[in-house]
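Engineer: I am attaching a structure below and will ask some questions about it afterwards.
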Amino acid sequence: MVAFGLFVASCSGTKYIPEGAKLYTGSTVEMKSDSKIPNEDALQTQLTSVITPKPNSSILGMRPKLYFWHMGEGKTKGLGHWLANKYGEKPVLLTQVDTQRVQDLMANRLNNNGYFKPVVHSKVKEKGQLASVDYTAYVGKPYLIKEIHFPEREDMLDAAIRATAPGTLLKVGDPYNLQTFINERTRIDAALKNNGYYYFSPDYILFQVDSTLDNQANVYLKVKDTTPPNASKPYVLNRVSLNTDFNLADTTDRKPPIIYRGYRYYPDEDVFKAKSIVNTVFLYPDSVYRRRRSDQTLSRLMSLGTFKYVDITYRPTRNVPDSAGYGHLNSLVRMTQVAKKSLRAEVQMNTSNIFTGPAFVLQYRNRSALRGAEQLLINANASFETGQGALSGVTSTQFGVDAQLLVPRLITPPFNIRLVNSDFQPRTFFNAGYKRVIRTKYFQQDVFNLGYGYTWKTKITNEQQLQPIDLQYNRLSNTQDVFQRLLEERPFLEQSFRQQFILGSSYLYTYNQQVLEKRRNQFYFSGGINLSGNLASLIQSATGASKTDLPGGQRAYTLFNQPYSQYTQVNLEFRNYYRVASSATSGNKLATRLLIGVGMPYGNSNVLPYLKQYGIGGPNSVRAFNARGVGPGTYRTTAEEASGFYDQVGDIKLEANVEYRQDLFPYVKGAVFVDAGNVWLVNADPSRPTYDSNGNLDGQNGQFQFNSFLKQMAVGAGVGLRVDVQFFVIRLDAAYPLRYPYSNVDIKLDPNDPNIDPNDPDSAFRYRRQEPGFKAARLNIAIGYPF
């Protein structure tokens, strides 16, 4: 018992308290009043926040950090010194508590919230070597605002302040609150800054509060008599100069400026045409100074991606007459360029559950290709990957080139749309590309694409993309016998791979709160719609064009003797990131994601093109399964398919993920996660039979059914490590399948099936499904977070 008592004393921390001293264990706060206290919880939180010092941390009454501190006490090196610095805490004693200071701070907070003349008492409670302090605040009724009076003088400044009155944060009947008055000064200052008062400051506003009334207060807003003359008048921009090649080494202007639309433009138009820069500037000569336009100009210029730094300076003019009480400012916008051209090469290692191999990417960038801050990006890429597992011996070679031109304005003839209320530069983009995929033993595919569209933002959290033209042409060639037989057996697969045009248009909306880093809960939404072939089909149908017979008995409209896809596809993604700890720097988060994708083929198509179909599984999806290794529905691959080409894709996708991320060590995070999902077909595929829990054919053939889709979800769970060094993340996940979408029951083979020859074991083996049985955890190595 004596030993146990010493152990408890050691862990509780009392063993290390100097003789005659008391260990401070914390404080309580209680508010008392004869009437109801509005917002009592929030007010009590404010009072608690001023209590100092903070007591030593404890767990169930134990204080192990005091023990670690004691291990290093008086030591300058060694294990004890390291443990004390890393995990120890010095004892917080009662003598360190200044109760009078805390009482004064509490009274101050109460005054700030309209509780004038409060009384705050403190009481020390001692128990052995431990001590705590109880604070009690006695308050009356809070003072309420009775009247609000804005300045009444007739000068320009007072009139400008009175003009802001409709937007005031001070409301009659609201409790007096100091923070509201501070916010009101800031609001008025922002309004004045946007109306020419460049030199004004919130400190020049004075609130006089008459609290002699019975729990009521009259508020008088005034301008301080010490306000300097330059802050009492609005300013007009006299001269606006733009320097697109500013650097600290040379602050002089060697050439006379170009005068363009009233702007003084330096140094010349060799890199940027004056028109392209002026179109992103919202400071106009001979206009009233507005801080909103100044901030907008900074944001627009930086979003061009062609400048490293941008700043704006203002100076009062000399020898310019002060007309109508206005002052005058000269403005200088200084821009420091980044290198106009750059070339970047990357060597990558692509790893997945299907293919693994190196990739090479070469990117050329010109940040002012047409002297209008247009960005030209040309990417060349190549990869060589070898099949893993069931695809051992199969290689996938891919190479291609694509180009994109980003124009920093909306090209919408005959209209000139500038989005003047946005802080972000809208863009028009043009892209074109070519890609060839060579899969040994199977096929060669060529993909050509051409596109044109717009991207723009109205807020920092909102982004939209409209692409009226998104054309693709897919050409399949060099099909090998094994793949050709598969296409003949699978009409749906043949249709998704066939040579065809995709005459697409798309719209995408993104709402992202992750840019608001201080938010504890961050929400992300992305929603888009893709259309293909509808206009062409409508025109051909209206003009009486005839359809062409295609392999498999299908009839479809064609373009240049080639069929084109016709479908509508909707993609929705919802994410939520909740930071468990209140600290903005904490990486402890609960991340969730829901993906919904629906593609509806019709008219010319019975199934989506292969490149537009959905797959489930892999490092960024349901991690316990192979990439594209689940579905559609309850379909299970045959033994032959398992050692050959993967075509487990569908027209409909549903996926959900939950992941908890925890900081472990500097730059290292841990995670636990659960993933679920599957894909389905819109139209049943007879070549992909599916079975019920008894091993009998269920007739769904991979088709989506509302009454059964939740039962067909593949589910996996696992743990992972992330090495996060800010500019890149290496991720290692181990996932185990918890639930297969298909049954574990052996499939009953029909002996009368004409495809099965009892004398040919291979034909029977071909239709026998593989039993899942026990599966080891699947290891995923990837770059970046899964979502």
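FYI, nothing fancy with the structure tokens labels: chains A, B, ... in order, residues from 1 per chain, ligands from 1 as they appear.
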For Phe272 (chain A), list every protein, DNA or RNA residue within 9 Å, evaluated using only C-alpha atoms, and leave out those in the same chain fewer than 4 positions away; present the list as a PyMOL selection string.

Structural biologist: chain A and resi 244+268+276-277+368+370-373

Engineer: Would you save the residues from that selection as a PDB file, in the first residue's frame, using N, CA and C atoms?

Structural biologist:
```pdb
ATOM      1  N   THR A 244       5.638  47.289 -66.129  1.00  0.00           N
ATOM      2  CA  THR A 244       5.556  45.833 -66.225  1.00  0.00           C
ATOM      3  C   THR A 244       6.898  45.140 -66.071  1.00  0.00           C
ATOM      4  N   ASP A 268       7.945  49.123 -72.552  1.00  0.00           N
ATOM      5  CA  ASP A 268       7.601  49.029 -73.966  1.00  0.00           C
ATOM      6  C   ASP A 268       6.619  47.867 -74.122  1.00  0.00           C
ATOM      7  N   SER A 276      -3.341  44.532 -73.125  1.00  0.00           N
ATOM      8  CA  SER A 276      -3.568  43.339 -72.308  1.00  0.00           C
ATOM      9  C   SER A 276      -3.427  43.639 -70.821  1.00  0.00           C
ATOM     10  N   ILE A 277      -2.492  44.540 -70.458  1.00  0.00           N
ATOM     11  CA  ILE A 277      -2.308  44.875 -69.041  1.00  0.00           C
ATOM     12  C   ILE A 277      -3.379  45.859 -68.584  1.00  0.00           C
ATOM     13  N   SER A 368       3.681  34.586 -72.276  1.00  0.00           N
ATOM     14  CA  SER A 368       3.095  35.679 -73.070  1.00  0.00           C
ATOM     15  C   SER A 368       3.315  35.356 -74.538  1.00  0.00           C
ATOM     16  N   LEU A 370       1.497  35.531 -77.199  1.00  0.00           N
ATOM     17  CA  LEU A 370       1.039  36.483 -78.215  1.00  0.00           C
ATOM     18  C   LEU A 370       1.150  37.918 -77.713  1.00  0.00           C
ATOM     19  N   ARG A 371       2.020  38.138 -76.714  1.00  0.00           N
ATOM     20  CA  ARG A 371       2.260  39.457 -76.104  1.00  0.00           C
ATOM     21  C   ARG A 371       1.017  40.015 -75.426  1.00  0.00           C
ATOM     22  N   GLY A 372       0.119  39.107 -75.024  1.00  0.00           N
ATOM     23  CA  GLY A 372      -1.076  39.549 -74.311  1.00  0.00           C
ATOM     24  C   GLY A 372      -1.271  38.795 -73.022  1.00  0.00           C
ATOM     25  N   ALA A 373      -0.165  38.311 -72.416  1.00  0.00           N
ATOM     26  CA  ALA A 373      -0.193  37.487 -71.196  1.00  0.00           C
ATOM     27  C   ALA A 373      -0.906  36.163 -71.433  1.00  0.00           C
TER      28      ALA A 373
END
```

Engineer: Can you list, as a list of chain:residue names, every protein, DNA or RNA residue that comes within 9 Å of Leu178 (chain A) when you count only C-alpha atoms, leaving out same-chain residues fewer than 3 positions away?

Structural biologist: A:Asn111, A:Asn112, A:Asn113, A:Gly114, A:Phe181, A:Ile182, A:Asn183

Engineer: In region 190-406 of chain A, what's helix (DSSP H, G or I) per DSSP? Answer as a PyMOL selection string?

Structural biologist: chain A and resi 190-193+202-204+229-231+274-278+291-303+389-391

Engineer: Which is closer to Lys459 (chain A) than all the others in A:Leu516, A:Val310, A:Phe492, A:Gln613, using only C-alpha atoms?

Structural biologist: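 Closest candidate: A:Leu516.
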
Engineer: For a test of reading the model, state the distance in Å between CA of Gly702 (chain A) and CA of Gln569 (chain A), rounded to one decimal.

Structural biologist: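 Calculated distance between CA of Gly702 (chain A) and CA of Gln569 (chain A) is 18.5 Å.
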
Engineer: Identify, on the basis of only C-alpha atoms, every residue whose closest approach to region 594-602 of chain A does not exceed 10 Å; exclude the query and any residue fewer than 5 positions from it along the same chain; express the result as a PyMOL selection string.

Structural biologist: chain A and resi 525-534+565-576+607-609+612-614+621+650-658+676-677+679-683

Engineer: For the selection just defined, write its residues with C-alpha atoms to a file, as a short mmCIF file (atom, residue, chain, number, x, y, z; two decimals), in the first residue's frame.

Structural biologist:
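Saved as part36.cif:
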```cif
data_model
loop_
_atom_site.label_atom_id
_atom_site.label_comp_id
_atom_site.auth_asym_id
_atom_site.auth_seq_id
_atom_site.Cartn_x
_atom_site.Cartn_y
_atom_site.Cartn_z
CA PHE A 525 -18.67 20.34 -54.08
CA SER A 526 -18.11 19.70 -57.75
CA GLY A 527 -20.96 19.18 -60.18
CA GLY A 528 -20.78 18.83 -63.94
CA ILE A 529 -22.79 17.77 -66.96
CA ASN A 530 -21.44 16.42 -70.26
CA LEU A 531 -23.49 16.14 -73.44
CA SER A 532 -22.54 14.44 -76.69
CA GLY A 533 -24.16 14.05 -80.09
CA ASN A 534 -27.50 15.64 -79.27
CA SER A 565 -21.68 8.80 -79.36
CA GLN A 566 -24.89 10.17 -77.94
CA TYR A 567 -25.29 10.45 -74.19
CA THR A 568 -25.82 12.72 -71.18
CA GLN A 569 -23.47 12.34 -68.23
CA VAL A 570 -23.79 13.94 -64.79
CA ASN A 571 -20.97 13.84 -62.21
CA LEU A 572 -21.35 14.97 -58.60
CA GLU A 573 -18.71 15.00 -55.89
CA PHE A 574 -19.25 16.00 -52.26
CA ARG A 575 -16.44 16.25 -49.72
CA ASN A 576 -16.26 17.44 -46.13
CA VAL A 607 -23.32 2.20 -73.71
CA LEU A 608 -20.90 5.05 -72.90
CA PRO A 609 -17.58 5.22 -74.78
CA LYS A 612 -16.04 7.93 -70.46
CA GLN A 613 -17.10 4.89 -68.42
CA TYR A 614 -16.62 4.59 -64.67
CA SER A 621 -11.03 4.71 -54.88
CA GLY A 650 -20.08 0.86 -66.12
CA ASP A 651 -22.39 3.77 -66.92
CA ILE A 652 -23.34 4.51 -63.28
CA LYS A 653 -21.02 4.94 -60.31
CA LEU A 654 -21.59 5.29 -56.57
CA GLU A 655 -18.70 5.60 -54.15
CA ALA A 656 -18.35 6.71 -50.53
CA ASN A 657 -15.20 7.15 -48.44
CA VAL A 658 -14.53 7.99 -44.79
CA ALA A 676 -17.42 1.46 -50.47
CA GLY A 677 -18.61 1.55 -54.07
CA VAL A 679 -20.54 0.54 -60.92
CA TRP A 680 -23.57 -0.53 -62.93
CA LEU A 681 -24.89 -0.50 -66.49
CA VAL A 682 -27.91 1.44 -67.72
CA ASN A 683 -28.79 -1.31 -70.18
#
```

Engineer: Find the spatial neighbours of Asn319 (chain A), counting only C-alpha atoms, within a cut-off of 12 Å - ignore same-chain residues fewer than 2 positions away - and output them as a count of residues only.

Structural biologist: 8

Engineer: Need to verify the contact set: region 48-56 of chain A, 10 Å, only C-alpha atoms, exclusion of same-chain residues closer than 4 positions in sequence. Can you return it as a PyMOL selection string?

Structural biologist: chain A and resi 13+23-30+42-44+63-66+88-94+96-99+101-106+109+132+135
